[in-house]
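The next block holds one structure in the form of structure tokens; read it before the comments.
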Amino acid sequence: LMGQSKAADKNIAMTKFQLLLIGKKDYPKAYEYANELATKYKDDAMVLNAVAWSIVDPEAEVEKRDADVAMKIAAQAVKVTNEKDGMILDTLARCYWLKGDKAKAIELQKKAVTLSPEEIKAQIEATLKEYEKGK
């Protein structure tokens, strides 16, 4: 039963974060809460990645992206997974891209491609090509 309540807690936390960030667009509160989640779930790569990606996802309607907050959280997720998770490296690469560090974004994205499972590899490669073209 404990496992279930932990999963429920995570879902509630992520829903609250999404609501602040995308629903209410209360950016100061959203990023404050993102930092709280990063501390609370510092060893949970999936939660960390979900929070960071929500901030930098190019499809998301976020007018004020705090790439610094996202980068700190994505870097923690990369650390937790020992740089072995392609999806998480993809998130960190996007943070660097938004910060204007194209070389670092490309370097991380190349690593993400090699570590990505087949079902997402094409998507990760497409992002790499986008970075290499400088878009």
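By order in the structure tokens, chains are A, B, ...; within a chain, residues start at 1; ligands start at 1, following the order shown.
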key: Contact residues around A:Lys110 with only C-alpha atoms at 12 Å, ignoring same-chain residues under 5 positions, as a ChimeraX atom specification   = /A:86-87,89-90,92-93,103-105,115-116,121,124-132
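The coordinates place atom CA of A:Asp68 at 12.7 Å from atom CA of A:Val51.
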request  = Could you give me, as a list in words, the residues within 8 Å of stretch 21-29 of chain A, counting only C-alpha atoms and dropping anything in the same chain fewer than 4 positions from it?
outcome  = Phe17, Tyr33, Ile55, Ala60, Glu61, Val62 and Lys64 of chain A
query = Could you pull out all residues of chain A with a DSSP call of alpha helix (DSSP H) and give them as a PyMOL selection string?
reply = chain A and resi 2-18+27-40+45-56+67-80+86-99+102-115+118-133
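Residue neighbourhood of stretch 4-12 of chain A, excluding near-sequence residues (fewer than 5 positions): Phe17, Gln18, Leu37, Tyr41 and Val47 of chain A, at 10 Å, using only C-alpha atoms.
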Output the selection as a PDB file, in the first residue's frame - N, CA and C atoms for each residue.
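Once written, result_23.pdb looks like this:
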```pdb
ATOM      1  N   PHE A  17       2.060  21.036 -10.235  1.00  0.00           N
ATOM      2  CA  PHE A  17       3.093  21.784 -10.958  1.00  0.00           C
ATOM      3  C   PHE A  17       2.595  22.212 -12.343  1.00  0.00           C
ATOM      4  N   GLN A  18       1.985  21.263 -13.056  1.00  0.00           N
ATOM      5  CA  GLN A  18       1.449  21.553 -14.392  1.00  0.00           C
ATOM      6  C   GLN A  18       0.390  22.653 -14.323  1.00  0.00           C
ATOM      7  N   LEU A  37      10.027  20.372  -5.506  1.00  0.00           N
ATOM      8  CA  LEU A  37       9.933  18.994  -6.013  1.00  0.00           C
ATOM      9  C   LEU A  37      11.319  18.420  -6.271  1.00  0.00           C
ATOM     10  N   TYR A  41      12.194  15.043  -4.471  1.00  0.00           N
ATOM     11  CA  TYR A  41      12.380  13.859  -5.334  1.00  0.00           C
ATOM     12  C   TYR A  41      13.781  13.821  -5.930  1.00  0.00           C
ATOM     13  N   VAL A  47      10.610  11.802 -12.025  1.00  0.00           N
ATOM     14  CA  VAL A  47       9.949  13.029 -11.572  1.00  0.00           C
ATOM     15  C   VAL A  47      10.783  14.244 -11.975  1.00  0.00           C
TER      16      VAL A  47
END
```
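Among A:Lys133, A:Arg65, A:Lys79, A:Lys102, the residue with the shortest atom-to-atom distance to A:Ala45, counting only C-alpha atoms, is A:Lys79.
You will find atom CA of A:Ala34 at 7.7 Å from atom CA of A:Val69.
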ask   = So how far away is atom CA of A:Val80 from atom CA of A:Asn49, in Å?
value = 10.6 Å
inquiry  = Need the shell around A:Asp57: protein/DNA/RNA residues with any atom at most 10 Å away, counting only C-alpha atoms. Skip same-chain ones fewer than 5 positions apart. Format as number ranges by chain?
reply    = A: 50, 52, 62, 65, 91, 94-95
Suppose we keep N, CA, C and O atoms; can you now write the selection as a compact mmCIF listing (two decimals), in the first residue's frame?
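Contents of the output file part_39.txt:
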```txt
# COMPACT_ATOMS: atom_id res chain seq x y z
N ALA A 50 10.47 14.87 -15.64
CA ALA A 50 9.14 15.37 -16.00
C ALA A 50 9.00 16.86 -15.67
O ALA A 50 8.44 17.63 -16.46
N ALA A 52 11.53 19.10 -15.33
CA ALA A 52 12.42 19.87 -16.21
C ALA A 52 11.84 19.97 -17.63
O ALA A 52 11.83 21.04 -18.23
N VAL A 62 4.39 27.71 -22.54
CA VAL A 62 5.04 28.35 -21.40
C VAL A 62 5.71 29.61 -21.93
O VAL A 62 6.65 29.52 -22.73
N ARG A 65 9.98 30.64 -19.75
CA ARG A 65 10.72 29.41 -19.43
C ARG A 65 11.92 29.77 -18.59
O ARG A 65 12.75 30.56 -19.02
N THR A 91 16.53 16.06 -22.46
CA THR A 91 15.98 17.20 -21.69
C THR A 91 17.09 18.18 -21.33
O THR A 91 16.93 19.39 -21.51
N ARG A 94 18.18 20.20 -24.26
CA ARG A 94 17.22 21.26 -24.57
C ARG A 94 17.45 22.48 -23.66
O ARG A 94 17.34 23.62 -24.11
N CYS A 95 17.81 22.23 -22.42
CA CYS A 95 18.11 23.34 -21.50
C CYS A 95 19.31 24.14 -22.01
O CYS A 95 19.26 25.38 -22.04
```
